[in-house]
Structure formats: C-alpha cells, structure tokens
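Contents: one structure, followed by commentary.
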Amino acid sequence: MIELKNIKKVFQTKEGHLTAVDQVNLSIEEGEIYGIVGYSGAGKSTLVRMFNGLELPTDGTVTVNGNVISELKGKNLRKERQKIGMIFQHFNLLWSRTVLENVMFPLEIAGVPKSKREEKAKELVRLVGLEGREQAYPTQLSGGQKQRVGIARALANEPTLLLCDEATSALDPQTTDEVLDLLLDINKRLNLTIVLITHEMHVVRKICSKVAVMDDGKVVESGDVLDVFKKPQQEITKRFIRQDANPDSGETDEVIEEMLTEYPEGKLVHLVFEEEQVRMPVISRIVRDYDVELNIIQGNIQQAKKGSIGSLYVQLTGDALNVAKAIEQLDQMKVGVEVIEHVIES
Ligand SMILES: Nc1ncnc2c1ncn2[C@@H]1O[C@H](COP(=O)(O)OP(=O)(O)O)[C@@H](O)[C@H]1O
Ligand SMILES: [Mg+2]
C-alpha cells in the first residue's frame, strides 16, 4: 500500500545542505502497524511528512494507494490527503472549539453537509471512548483524552492510512498504553494501516508488527518486530532494545558497564526469548551439555503484539571454549543472544 523508493530529502539551510532523509526504501502493507523508531533528528518526521505530501522528496518516489504523491496536484492531492489521517505529539487541536466541533472540522473542509457531520462526529467520539464529553473544550481534557480527540478527528474522512508522529510522547506510561490499545483496536476494527513514529522501543513492541530503525536519515535495519528484538543487527537497535528491557534503570549504558565490572568473569550475555521458547528447557540444556555455570543477573517478560518476549541477562562461566560453544548452541536454538561488551569508551 505504501512504497518508498530511494527517498532522499535535502534541506537548504544557512549552513548549507542538510540531508534529513537519505536513500530510504520501505514497503508497508495494508492493515499493518509499522513502527519507525529513531532518536531525535534521525529524520522520522521528515520521512512521514512525505507520505501525505506535506514535504516533497528531493529524490525518489512515494507511492500511496497506487498514487505517486509528488505527481498529484490540486483536487487529486486534496482527495488523496483526505485518505491519510495524522496525529501529533501535541495534539494540534483547535482550542476554541469543542470536542465535537474539532472532530467535525475536517468534515466541514471536505464539504460534508452539517447534519451528516454531526452524526459522523458523534459516532467517532464514541469510537474513541469520549462519549459524554462532546461539549467539552480541549483545555478541560487530560492528555490522553486530547489525543483521543486527535484520533477521532484523524478518522473523520475515513482514511485508509493513519500517520502517528510521536503521538504518545507527551503522555504518561499508563495513558500511553491506553492510547496504544485504542490504536490497536482501530487497526483491527477498520483494517486501518498505521505508521507509527517514535523514539521509544516499547511503543513498537506493544503494537507494531514491523519496524524500521532510522539513524542519521537512513533506515539501518528493518523487519518483523520479534525478529528484530531477537536478532538486532545494528548497535543502535541493540541500544533501543536494551533501553526497553531496562526501563527503570535510567542510563542503560551505565548499568551495563556496572554489570561488566561486577561480573568480570566469563561472558555476560543478553538472551531474548519468544513465547514458545519460554517453555523450552534452553538453559538447563546448555548447563548440562557444556558444563558451564549460569548465573541469572536480571530478567523480565514483556508483552508484544504477537505474544510475549522474555529478556534475561546471564553470566556464563567455565572453560572459555565451553562458554563459546554454549553461546553458539543458544544461537542455534533461535534464542536471541548478545554478548555484552563494553559500551562506554574509557
Ligand atoms: N524544514 C526544515 N528545514 C531545515 N532542516 C530541517 C527541516 N525539517 C527538519 N530538518 C532537519 O532534518 C533533520 C531531521 O529532522 P526530523 O525529521 O524532524 O527528525 P526526527 O523527527 O527524527 O526528530 C534534523 O537535522 C532537522 O534539523
Ligand atoms: Mg520528529
């Protein structure tokens, strides 16, 4: 449904050229929830703004629903844009309008008759769980409720695609989960394709089926969420996953360094399991087969869209060759295995 081919976006700034998006190829299928994760400045917003023609690529093509966005003009562009809803970190609501009026606004622009507008808006307000708050003003709502209005408004013209740019980044964890649940529900109910931009890996883990990792304008890694969690290829992806696995430890790098200092012998290994592997005797088998000692340092289980992900930090000690073989065996059992090395350069 969305096809990005060799997308490049260069901005002209006072300091010269700035390449915000660099040779991105991406293919997103209908009904998918696709996460794009990256740190601030990676080029995520610029990329997603090219999906609906808010930005035009310097090079390459964006095809949505069979239309090359940069080739659309006037009425056709407006029509295509109506099929692409968008929500934002700071909600972008009309503060002088009520909840219902906010949701009716895009319908007004699309020329929908007044009686129909109201009916449709009421239905959407119900869909996002705000029934009874139709006459409230945005300032009278909590952050989560404001984003619900943003979602209802984005759905007004029955889009086939919803773009979410850091839509939960201004919300607390509990509210974030509620809004993510709502997005998942809408995705299922309406078969709506969702592209979700975020700097938080747990957002991706909870509701996305696919993920692309962006760094410095490029997509450096992409794939099924569970595969990427189990076998991250790039250092930046590993960092995102570690941060997600240790949400309460603040500076993850420092925690890892502390572990390395505290457990200097053998190898410190981060294991990632999928649901069915949680039931396999993975650990006992390598301890028995390779005569290694295994010391569990930290572990947790996290919920993902397709089942759960188990994360375990262990220290493996014993004969160095046996430790290496045990790690290889874990890898062959399709467990995600990362040998932790020093992350802070001294
Ligand atoms: N309109 C613009 N003009 C010049 N530079 C821009 C513009 N928009 C974004 N950039 C630059 O492009 C890079 C990527 O920005 P952005 O897409 O907002 O990243 P992200 O959303 O991942 O934080 C940044 O270096 C940013 O400063
Ligand atoms: Mg951004």
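Every chain in the structure tokens has a letter given in the order shown (A, B, ...), and although residue numbers restart at 1 in each chain, ligands are simply numbered from 1 in the order shown.
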- Message: At a cut-off of 10 Å, using only C-alpha atoms, what residues contact Val204 in chain A? Leave out same-chain residues fewer than 2 positions from it and give the result as a PyMOL selection string.
- Response: chain A and resi 33-37+180+196-202+206-212+225+304-305
May I have the selected residues written with N, CA and C atoms, as a PDB file, in the first residue's frame?
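Dumped to out-v1.pdb:
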ATOM      1  N   ILE A  33       0.615  -2.444  11.241  1.00  0.00           N
ATOM      2  CA  ILE A  33       1.054  -1.329  12.097  1.00  0.00           C
ATOM      3  C   ILE A  33       2.571  -1.318  12.010  1.00  0.00           C
ATOM      4  N   TYR A  34       3.079  -0.310  11.363  1.00  0.00           N
ATOM      5  CA  TYR A  34       4.508  -0.251  11.046  1.00  0.00           C
ATOM      6  C   TYR A  34       5.162   0.819  11.912  1.00  0.00           C
ATOM      7  N   GLY A  35       6.145   0.430  12.688  1.00  0.00           N
ATOM      8  CA  GLY A  35       6.840   1.375  13.561  1.00  0.00           C
ATOM      9  C   GLY A  35       8.107   1.890  12.906  1.00  0.00           C
ATOM     10  N   ILE A  36       8.353   3.180  13.079  1.00  0.00           N
ATOM     11  CA  ILE A  36       9.640   3.735  12.653  1.00  0.00           C
ATOM     12  C   ILE A  36      10.263   4.350  13.891  1.00  0.00           C
ATOM     13  N   VAL A  37      11.371   3.785  14.318  1.00  0.00           N
ATOM     14  CA  VAL A  37      11.971   4.216  15.579  1.00  0.00           C
ATOM     15  C   VAL A  37      13.336   4.852  15.306  1.00  0.00           C
ATOM     16  N   LEU A 180      -2.320   3.386  22.963  1.00  0.00           N
ATOM     17  CA  LEU A 180      -1.827   2.325  22.067  1.00  0.00           C
ATOM     18  C   LEU A 180      -2.881   1.232  21.895  1.00  0.00           C
ATOM     19  N   LEU A 196       3.685   4.422  12.650  1.00  0.00           N
ATOM     20  CA  LEU A 196       3.859   4.993  13.961  1.00  0.00           C
ATOM     21  C   LEU A 196       5.326   5.379  14.155  1.00  0.00           C
ATOM     22  N   ILE A 197       5.539   6.655  14.359  1.00  0.00           N
ATOM     23  CA  ILE A 197       6.891   7.143  14.558  1.00  0.00           C
ATOM     24  C   ILE A 197       7.139   7.360  16.036  1.00  0.00           C
ATOM     25  N   THR A 198       8.268   6.928  16.519  1.00  0.00           N
ATOM     26  CA  THR A 198       8.517   7.052  17.955  1.00  0.00           C
ATOM     27  C   THR A 198      10.013   6.974  18.258  1.00  0.00           C
ATOM     28  N   HIS A 199      10.391   7.478  19.423  1.00  0.00           N
ATOM     29  CA  HIS A 199      11.773   7.276  19.865  1.00  0.00           C
ATOM     30  C   HIS A 199      11.791   6.233  20.993  1.00  0.00           C
ATOM     31  N   GLU A 200      10.624   5.594  21.215  1.00  0.00           N
ATOM     32  CA  GLU A 200      10.533   4.622  22.309  1.00  0.00           C
ATOM     33  C   GLU A 200      10.245   3.217  21.780  1.00  0.00           C
ATOM     34  N   MET A 201      11.155   2.313  22.051  1.00  0.00           N
ATOM     35  CA  MET A 201      11.027   0.957  21.524  1.00  0.00           C
ATOM     36  C   MET A 201       9.837   0.215  22.126  1.00  0.00           C
ATOM     37  N   HIS A 202       9.434   0.558  23.344  1.00  0.00           N
ATOM     38  CA  HIS A 202       8.320  -0.192  23.937  1.00  0.00           C
ATOM     39  C   HIS A 202       7.015   0.066  23.182  1.00  0.00           C
ATOM     40  N   LYS A 206       4.829  -2.993  21.718  1.00  0.00           N
ATOM     41  CA  LYS A 206       3.446  -3.245  22.114  1.00  0.00           C
ATOM     42  C   LYS A 206       2.477  -3.413  20.965  1.00  0.00           C
ATOM     43  N   ILE A 207       2.605  -2.600  19.917  1.00  0.00           N
ATOM     44  CA  ILE A 207       1.548  -2.708  18.901  1.00  0.00           C
ATOM     45  C   ILE A 207       2.011  -2.911  17.464  1.00  0.00           C
ATOM     46  N   CYS A 208       3.316  -2.817  17.200  1.00  0.00           N
ATOM     47  CA  CYS A 208       3.731  -2.913  15.794  1.00  0.00           C
ATOM     48  C   CYS A 208       4.022  -4.353  15.390  1.00  0.00           C
ATOM     49  N   SER A 209       3.784  -4.655  14.125  1.00  0.00           N
ATOM     50  CA  SER A 209       4.181  -5.967  13.617  1.00  0.00           C
ATOM     51  C   SER A 209       5.515  -5.852  12.881  1.00  0.00           C
ATOM     52  N   LYS A 210       5.769  -4.679  12.289  1.00  0.00           N
ATOM     53  CA  LYS A 210       7.038  -4.456  11.598  1.00  0.00           C
ATOM     54  C   LYS A 210       7.697  -3.206  12.160  1.00  0.00           C
ATOM     55  N   VAL A 211       9.001  -3.147  11.998  1.00  0.00           N
ATOM     56  CA  VAL A 211       9.718  -1.958  12.477  1.00  0.00           C
ATOM     57  C   VAL A 211      10.869  -1.604  11.541  1.00  0.00           C
ATOM     58  N   ALA A 212      11.109  -0.323  11.393  1.00  0.00           N
ATOM     59  CA  ALA A 212      12.312   0.158  10.713  1.00  0.00           C
ATOM     60  C   ALA A 212      13.039   1.067  11.688  1.00  0.00           C
ATOM     61  N   VAL A 225       8.923  -7.353  14.074  1.00  0.00           N
ATOM     62  CA  VAL A 225       9.316  -6.860  15.391  1.00  0.00           C
ATOM     63  C   VAL A 225      10.010  -7.940  16.232  1.00  0.00           C
ATOM     64  N   ALA A 304       4.335  -8.277  23.792  1.00  0.00           N
ATOM     65  CA  ALA A 304       4.471  -7.762  22.432  1.00  0.00           C
ATOM     66  C   ALA A 304       3.177  -8.048  21.707  1.00  0.00           C
ATOM     67  N   LYS A 305       3.036  -7.478  20.505  1.00  0.00           N
ATOM     68  CA  LYS A 305       1.788  -7.654  19.766  1.00  0.00           C
ATOM     69  C   LYS A 305       1.515  -9.132  19.521  1.00  0.00           C
TER      70      LYS A 305
END
- Among the residues of range 34-167 of chain A, find those DSSP assigns to strand (DSSP E) from the backbone and print them as a PyMOL selection string. chain A and resi 34-37+59-64+67-68+84-88+161-165
- Task: Compute the set of protein, DNA and RNA residues whose minimum atom distance to ligand 1 is at most 10 Å, using only C-alpha atoms and all ligand atoms, and state it as number ranges by chain.
- Result: A: 9-21, 36-49, 55, 165-166, 197-199, 214-217
Write the residues of the selection above to a file with C-alpha atoms, as a JSON list (two decimals), in the first residue's frame.
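Everything below was put into again-v3.json:
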[["chain", "number", "residue", "atom", "x", "y", "z"],
["A", 9, "LYS", "CA", 15.25, 14.84, 1.29],
["A", 10, "VAL", "CA", 17.77, 17.63, 1.35],
["A", 11, "PHE", "CA", 17.02, 20.93, 3.09],
["A", 12, "GLN", "CA", 18.83, 24.12, 2.21],
["A", 13, "THR", "CA", 19.88, 25.82, 5.41],
["A", 14, "LYS", "CA", 22.05, 28.82, 6.19],
["A", 15, "GLU", "CA", 24.83, 26.38, 6.99],
["A", 16, "GLY", "CA", 24.43, 24.62, 3.64],
["A", 17, "HIS", "CA", 22.79, 21.37, 2.56],
["A", 18, "LEU", "CA", 21.28, 19.14, 5.19],
["A", 19, "THR", "CA", 20.32, 15.62, 4.21],
["A", 20, "ALA", "CA", 17.41, 14.77, 6.52],
["A", 21, "VAL", "CA", 16.39, 11.56, 4.75],
["A", 36, "ILE", "CA", 9.64, 3.73, 12.65],
["A", 37, "VAL", "CA", 11.97, 4.22, 15.58],
["A", 38, "GLY", "CA", 14.93, 6.54, 15.91],
["A", 39, "TYR", "CA", 16.45, 9.19, 18.12],
["A", 40, "SER", "CA", 15.57, 12.84, 17.75],
["A", 41, "GLY", "CA", 16.88, 14.28, 14.49],
["A", 42, "ALA", "CA", 17.02, 10.90, 12.72],
["A", 43, "GLY", "CA", 14.66, 12.15, 10.01],
["A", 44, "LYS", "CA", 11.45, 10.37, 11.07],
["A", 45, "SER", "CA", 9.10, 13.34, 10.90],
["A", 46, "THR", "CA", 10.52, 14.47, 7.57],
["A", 47, "LEU", "CA", 10.06, 10.96, 6.20],
["A", 48, "VAL", "CA", 6.48, 10.63, 7.35],
["A", 49, "ARG", "CA", 5.57, 14.10, 6.09],
["A", 55, "GLU", "CA", 7.09, 17.58, 2.21],
["A", 165, "ASP", "CA", 4.16, 11.26, 14.81],
["A", 166, "GLU", "CA", 5.27, 10.71, 18.44],
["A", 197, "ILE", "CA", 6.89, 7.14, 14.56],
["A", 198, "THR", "CA", 8.52, 7.05, 17.96],
["A", 199, "HIS", "CA", 11.77, 7.28, 19.87],
["A", 214, "MET", "CA", 16.33, 5.15, 11.45],
["A", 215, "ASP", "CA", 19.67, 6.73, 12.13],
["A", 216, "ASP", "CA", 21.03, 9.86, 10.51],
["A", 217, "GLY", "CA", 18.43, 9.88, 7.73]]
- Task: Among the residues of range 14-236 of chain A, find those DSSP assigns to helix (DSSP H, G or I) from the backbone and print them as a PyMOL selection string.
- Result: chain A and resi 44-49+69-71+74-82+99-109+114-127+138-140+143-155+173-190+201-207+225-230+235-236
Just to be explicit: take each residue in the selection above, keep C-alpha atoms, and write the result as a PDB file, in the first residue's frame.
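The resulting file, part04.pdb, is shown below:
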ATOM      1  CA  LYS A  44      11.454  10.370  11.069  1.00  0.00           C
ATOM      2  CA  SER A  45       9.097  13.340  10.895  1.00  0.00           C
ATOM      3  CA  THR A  46      10.516  14.467   7.572  1.00  0.00           C
ATOM      4  CA  LEU A  47      10.064  10.964   6.204  1.00  0.00           C
ATOM      5  CA  VAL A  48       6.484  10.626   7.349  1.00  0.00           C
ATOM      6  CA  ARG A  49       5.567  14.103   6.090  1.00  0.00           C
ATOM      7  CA  ILE A  69       2.204  11.534  -4.133  1.00  0.00           C
ATOM      8  CA  SER A  70       4.591  14.031  -5.715  1.00  0.00           C
ATOM      9  CA  GLU A  71       2.737  13.763  -9.026  1.00  0.00           C
ATOM     10  CA  GLY A  74      -4.841  20.310  -6.729  1.00  0.00           C
ATOM     11  CA  LYS A  75      -8.041  18.357  -6.251  1.00  0.00           C
ATOM     12  CA  ASN A  76      -6.431  14.945  -6.623  1.00  0.00           C
ATOM     13  CA  LEU A  77      -3.832  15.734  -3.990  1.00  0.00           C
ATOM     14  CA  ARG A  78      -6.509  17.016  -1.618  1.00  0.00           C
ATOM     15  CA  LYS A  79      -8.557  13.890  -2.174  1.00  0.00           C
ATOM     16  CA  GLU A  80      -5.620  11.593  -1.510  1.00  0.00           C
ATOM     17  CA  ARG A  81      -4.657  13.583   1.573  1.00  0.00           C
ATOM     18  CA  GLN A  82      -8.122  13.086   2.994  1.00  0.00           C
ATOM     19  CA  VAL A  99     -14.587  18.106  21.158  1.00  0.00           C
ATOM     20  CA  LEU A 100     -17.445  17.562  18.720  1.00  0.00           C
ATOM     21  CA  GLU A 101     -16.524  20.663  16.698  1.00  0.00           C
ATOM     22  CA  ASN A 102     -12.918  19.550  16.471  1.00  0.00           C
ATOM     23  CA  VAL A 103     -13.980  16.215  15.056  1.00  0.00           C
ATOM     24  CA  MET A 104     -16.432  17.885  12.661  1.00  0.00           C
ATOM     25  CA  PHE A 105     -13.798  20.276  11.335  1.00  0.00           C
ATOM     26  CA  PRO A 106     -12.216  18.034   8.663  1.00  0.00           C
ATOM     27  CA  LEU A 107     -15.710  17.047   7.530  1.00  0.00           C
ATOM     28  CA  GLU A 108     -16.551  20.712   7.123  1.00  0.00           C
ATOM     29  CA  ILE A 109     -13.486  21.156   4.936  1.00  0.00           C
ATOM     30  CA  LYS A 114     -23.996  19.751   8.517  1.00  0.00           C
ATOM     31  CA  SER A 115     -26.461  17.076   9.683  1.00  0.00           C
ATOM     32  CA  LYS A 116     -24.184  14.309   8.443  1.00  0.00           C
ATOM     33  CA  ARG A 117     -21.119  15.929  10.008  1.00  0.00           C
ATOM     34  CA  GLU A 118     -22.641  15.841  13.435  1.00  0.00           C
ATOM     35  CA  GLU A 119     -23.791  12.275  13.129  1.00  0.00           C
ATOM     36  CA  LYS A 120     -20.403  11.095  11.936  1.00  0.00           C
ATOM     37  CA  ALA A 121     -18.539  13.080  14.604  1.00  0.00           C
ATOM     38  CA  LYS A 122     -20.698  11.656  17.372  1.00  0.00           C
ATOM     39  CA  GLU A 123     -20.018   8.155  16.153  1.00  0.00           C
ATOM     40  CA  LEU A 124     -16.265   8.815  16.168  1.00  0.00           C
ATOM     41  CA  VAL A 125     -16.347  10.363  19.629  1.00  0.00           C
ATOM     42  CA  ARG A 126     -17.979   7.161  20.790  1.00  0.00           C
ATOM     43  CA  LEU A 127     -15.420   5.036  18.985  1.00  0.00           C
ATOM     44  CA  PRO A 138      -9.694  20.675  24.850  1.00  0.00           C
ATOM     45  CA  THR A 139      -8.349  22.524  27.922  1.00  0.00           C
ATOM     46  CA  GLN A 140     -10.849  20.611  30.036  1.00  0.00           C
ATOM     47  CA  GLY A 143      -3.595  14.454  27.688  1.00  0.00           C
ATOM     48  CA  GLY A 144      -4.928  11.029  26.841  1.00  0.00           C
ATOM     49  CA  GLN A 145      -8.390  12.429  26.165  1.00  0.00           C
ATOM     50  CA  LYS A 146      -6.911  15.147  23.939  1.00  0.00           C
ATOM     51  CA  GLN A 147      -5.157  12.502  21.886  1.00  0.00           C
ATOM     52  CA  ARG A 148      -8.415  10.595  21.620  1.00  0.00           C
ATOM     53  CA  VAL A 149      -9.948  13.720  20.085  1.00  0.00           C
ATOM     54  CA  GLY A 150      -6.945  13.883  17.744  1.00  0.00           C
ATOM     55  CA  ILE A 151      -7.573  10.286  16.713  1.00  0.00           C
ATOM     56  CA  ALA A 152     -11.305  10.833  16.179  1.00  0.00           C
ATOM     57  CA  ARG A 153     -10.553  13.887  14.064  1.00  0.00           C
ATOM     58  CA  ALA A 154      -7.953  11.992  12.039  1.00  0.00           C
ATOM     59  CA  LEU A 155     -10.517   9.284  11.309  1.00  0.00           C
ATOM     60  CA  PRO A 173       3.104   5.405  30.673  1.00  0.00           C
ATOM     61  CA  GLN A 174      -0.391   4.384  31.734  1.00  0.00           C
ATOM     62  CA  THR A 175      -2.069   6.771  29.283  1.00  0.00           C
ATOM     63  CA  THR A 176       0.387   5.740  26.576  1.00  0.00           C
ATOM     64  CA  ASP A 177      -0.763   2.143  26.978  1.00  0.00           C
ATOM     65  CA  GLU A 178      -4.400   3.173  26.761  1.00  0.00           C
ATOM     66  CA  VAL A 179      -3.864   5.167  23.587  1.00  0.00           C
ATOM     67  CA  LEU A 180      -1.827   2.325  22.067  1.00  0.00           C
ATOM     68  CA  ASP A 181      -4.641  -0.098  22.901  1.00  0.00           C
ATOM     69  CA  LEU A 182      -7.063   2.230  21.164  1.00  0.00           C
ATOM     70  CA  LEU A 183      -4.855   2.372  18.056  1.00  0.00           C
ATOM     71  CA  LEU A 184      -4.603  -1.413  18.014  1.00  0.00           C
ATOM     72  CA  ASP A 185      -8.367  -1.690  18.351  1.00  0.00           C
ATOM     73  CA  ILE A 186      -8.958   0.759  15.487  1.00  0.00           C
ATOM     74  CA  ASN A 187      -6.409  -1.055  13.346  1.00  0.00           C
ATOM     75  CA  LYS A 188      -8.301  -4.306  13.790  1.00  0.00           C
ATOM     76  CA  ARG A 189     -11.782  -2.901  13.522  1.00  0.00           C
ATOM     77  CA  LEU A 190     -11.250  -0.700  10.479  1.00  0.00           C
ATOM     78  CA  MET A 201      11.027   0.957  21.524  1.00  0.00           C
ATOM     79  CA  HIS A 202       8.320  -0.192  23.937  1.00  0.00           C
ATOM     80  CA  VAL A 203       5.733   1.570  21.766  1.00  0.00           C
ATOM     81  CA  VAL A 204       6.939  -0.503  18.821  1.00  0.00           C
ATOM     82  CA  ARG A 205       6.998  -3.679  20.883  1.00  0.00           C
ATOM     83  CA  LYS A 206       3.446  -3.245  22.114  1.00  0.00           C
ATOM     84  CA  ILE A 207       1.548  -2.708  18.901  1.00  0.00           C
ATOM     85  CA  VAL A 225       9.316  -6.860  15.391  1.00  0.00           C
ATOM     86  CA  LEU A 226      10.012 -10.186  17.115  1.00  0.00           C
ATOM     87  CA  ASP A 227      12.888 -10.973  14.740  1.00  0.00           C
ATOM     88  CA  VAL A 228      14.463  -7.588  15.298  1.00  0.00           C
ATOM     89  CA  PHE A 229      14.113  -7.975  19.068  1.00  0.00           C
ATOM     90  CA  LYS A 230      15.739 -11.388  18.961  1.00  0.00           C
ATOM     91  CA  GLU A 235      24.407  -1.260  17.595  1.00  0.00           C
ATOM     92  CA  ILE A 236      21.726   1.435  17.653  1.00  0.00           C
TER      93      ILE A 236
END
Determine, using only C-alpha atoms, which residues of range 197-269 of chain A have any atom at most 8 Å from an atom of range 309-318 of chain A, and tabulate each with its shortest atom pair and distance in Å to one decimal place, rows ordered by chain and then rising number, as JSON lines.
{"residue": "A:Leu226", "atom": "CA", "partner": "A:Ile309", "partner_atom": "CA", "distance": 7.8}
{"residue": "A:Ala245", "atom": "CA", "partner": "A:Ser311", "partner_atom": "CA", "distance": 6.9}
{"residue": "A:Tyr263", "atom": "CA", "partner": "A:Gln315", "partner_atom": "CA", "distance": 7.1}
{"residue": "A:Glu265", "atom": "CA", "partner": "A:Thr317", "partner_atom": "CA", "distance": 6.5}
{"residue": "A:Gly266", "atom": "CA", "partner": "A:Thr317", "partner_atom": "CA", "distance": 4.3}
{"residue": "A:Lys267", "atom": "CA", "partner": "A:Leu316", "partner_atom": "CA", "distance": 5.2}
{"residue": "A:Leu268", "atom": "CA", "partner": "A:Gln315", "partner_atom": "CA", "distance": 4.6}
{"residue": "A:Val269", "atom": "CA", "partner": "A:Val314", "partner_atom": "CA", "distance": 5.3}
- Message: Please determine, counting only C-alpha atoms, which residue among A:Asn295, A:Gln329, A:Thr160, A:Thr98 has the shortest atom-to-atom distance to Leu141 in chain A.
- Response: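 Among A:Asn295, A:Gln329, A:Thr160, A:Thr98, it is A:Thr98 that comes nearest to Leu141 in chain A.
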